[in-house]
Amino acid sequence: MTSSAPPPDPGRHPVPPGDESRLPTGERTELDELRHRVAALEGAPAGAARRHWLRSTGSVLLILLASLLSLLSVVAVWADSIVRDTDRYVATVGPLARNPAVQKAVTNRVTTVVLDQIDVEKLVKDLERTASQKGAPDAAAKLLGGLTAPITGGLKSLVGDTVERVVSGKVFETVWVDANRRAHSALDKALTGESGGAVSVDDGQVAIDVAPIVKEVKDRLVSAGLRPASLIPAVHTDFVVFASKDIGRVRTYLRVLEIIGNWLPAVAVLIAALGVYLAVNRRRALIGAALGVLAAMVVLGVALTVMRAIYLDHLPVGASRAAATAVFDALVRFLRAGVRAVGALALVTAAGAFLVGPAPVAVRVRTGCGRGIGAVRDVAVSAGLPLGAAGRFVHRFKRWIGGVILAVAAIVLFTWSYPTTAVVVWTLVIVLVAFAIREFLDTGAGSARSATAPATPSATPSA
C-alpha cells in the first residue's frame with residue numbers, strides 16, 4: 001500500500017493516543033496506515049524466522065543424510081561391480097598375476113606342494129638298489145645312500161626354478177586370468193557363505209584353486225628328465241585371496257551393499273537435491289552439499305587406509321605380508337578410484353557454486369572471463385564473422401542453453417559405468433568450453449556487461 005498524503009513533519013509534536021480525532025482526515029489516514037505497517041513489521045520477523053529455522057534445519061539434515069549415503073553409494077557400486085561384472089572383476093584381480101609378491105607367494109606354495117609329492121628317500125633307495133643291480137661296488141652303493149640331503153637340495157632347487165619360470169611367464173598369467181574368469185560365477189556363493197566352485201570360503205578364507213599351475217610344473221619336470229615327477233597325482237591346492245576372522249561380517253555387509261547398489265546413488269542425489277531446494281539460500285546449500293560429499297569421500301579414503309593396516313596386522317601365521325598387501329590394494333583399487341572421482345566432482349561443484357555467487361573474488365573471475373571472451377568476439381566480428389541471428393538467439397535463451405549444458409554433463413557422469421577422475425576432469429573441460437562458446441556467441445548483451453552478470457553458469461535451480 002502507498003499513500004499520497006505528505007510525510008509527517010518532524011517538528012510537529014506527536015499526538016497522544018486517543019486524540020487522533022483532532023487530526024485532519026489525511027493525517028489520520030496516514031497514521032492508521034503507519035500503525036498497520038509497524039504491526040506487520042513487528043509480527044513478521046517471528047513467523048519468518050521460525051519458517052527459516054525449520055527450512056534450514058531440514059536442509060542441513062537432508063544434506064548430512066545425502067553425504068552419508070554418498071559414502072555408502074560408492075562402496076555399494078564397487079561391491080555390486082565385483083559381484084555382477086565379470087570383466088570388472090577380472091580387471092581387478094588380473095594384474096595380480098604380474099605382481100612380484102604374488103608370484104613369489106604362489107611359487108613358494110606350489111614348490112612345497114610338488115616337493116611333498118616326491119619321496120626323496122624312496123628315490124635314493126631306488127638309486128642305491130639300481131646301482132647294486134648294475135654291479136656297482138658296495139662302497140659306491142653305500143655312498144649313494146648318504147646323498148639324501150644333497151639330492152633333496154638339488155631337487156628343491158630344480159623344482160623351485162621350474163615353478164618360478166612357470167609363474168613368471170605367460171602361462172601363469174593366462175591360467176590366473178582364465179581361472180578367475182571361470183571362478184567369477186561362484187563369487188556370489190563366496191559372498192553368501194556357500195561353498196563349492198573355484199572360489200571357496202572356509203575358516204574365514206576366500207581361496208582360489210591353482211591346481212593347473214601344479215600340473216604345468218609336473219609336465220615340465222617330466223620333460224626335464226625327472227621321471228619321479230610323473231607319479232605326482234592331481235593336486236588341488238589353494239591360493240588365499242582374502243583371509244579374515246571377520247569375513248562373515250564383511251560378507252554380510254557386502255551382500256547388503258550389493259543388493260542396494262543399483263538404486264542407492266540415485267537416492268543420495270535426490271535427497272541432496274531436496275536439501276538444496278529446501279534451503280533458504282540454495283547456492284550456499286549447494287556448496288554445503290558438495291563439501292559434505294567431499295568430506296564423506298575423505299572419511300572413506302581414511303577408512304580404507306585404516307582397514308588395510310588392520311587387515312595386514314591380523315594375517316594368518318605364515319602368510320606373505322607383501323602378497324596380502326598386493327591383493328588388498330588390487331581388490332580396493334577401483335573403490336579408491338571411485339572415491340577420487342566422486343571427491344573431484346564434489347569439489348568442482350562447490351567451486352562452481354562459489355563462482356556464481358556475489359563474493360568479490362567470484363565477481364572478478366566472472367568479469368575477467370567475460371571481458372576476455374568479449375574481446376575475442378569483438379575481434380572476430382570486426383574481421384567479418386557473422387553472429388547476428390545466432391548471437392541474438394543465444395542471448396535470448398542463454399539460461400536455457402546453460403541448463404542444457406549442465407544437464408547433459410550430469411547425464412554423462414551419472415550414466416557412465418565407472419567414472420574416474422579423468423572422466424570428471426574431461427567433462428569439466430568440455431563444460432567450460434561449451435560455456436565459453438555460449439559466451440562468445442552472445443552478442444545481445446554487448447561489450448558493456450555489468451560486473452555482476454555471470455559469465456559462468458549459475459549453479460542455482462534458476463539457472
# chains A, B, ... in the order shown; residues from 1 in each chain; ligands from 1

call {"tool": "residues_around", "arguments": {"residues": "A:Val332", "least_positions_apart": "5", "cutoff": "9 Å", "atoms": "only C-alpha atoms", "output": "PyMOL selection string"}}
result
chain A and resi 78+92+304+327+337

call {"tool": "residues_around", "arguments": {"residues": "A:Leu385", "least_positions_apart": "6", "cutoff": "12 Å", "atoms": "only C-alpha atoms", "output": "NGL selection string"}}
result
:A and (376-379 or 391 or 440-441 or 443)

call {"tool": "residues_around", "arguments": {"residues": "stretch 286-301 of chain A", "least_positions_apart": "5", "cutoff": "8 Å", "atoms": "only C-alpha atoms", "output": "list in words"}}
result
Ile63, Leu64, Ala66, Ser67, Leu68, Ser70, Leu71, Ala272, Val276, Arg336, Val339, Arg340, Val342, Gly343, Ala344, Ala346, Leu347, Thr349, Ala350, Ala351, Ala353, Phe354, Ala459 and Thr460 of chain A

call {"tool": "closest_residue", "arguments": {"among": "A:Val267, A:Leu413, A:Val431, A:Ala211", "to": "A:Ala341", "atoms": "only C-alpha atoms"}}
result
A:Leu413
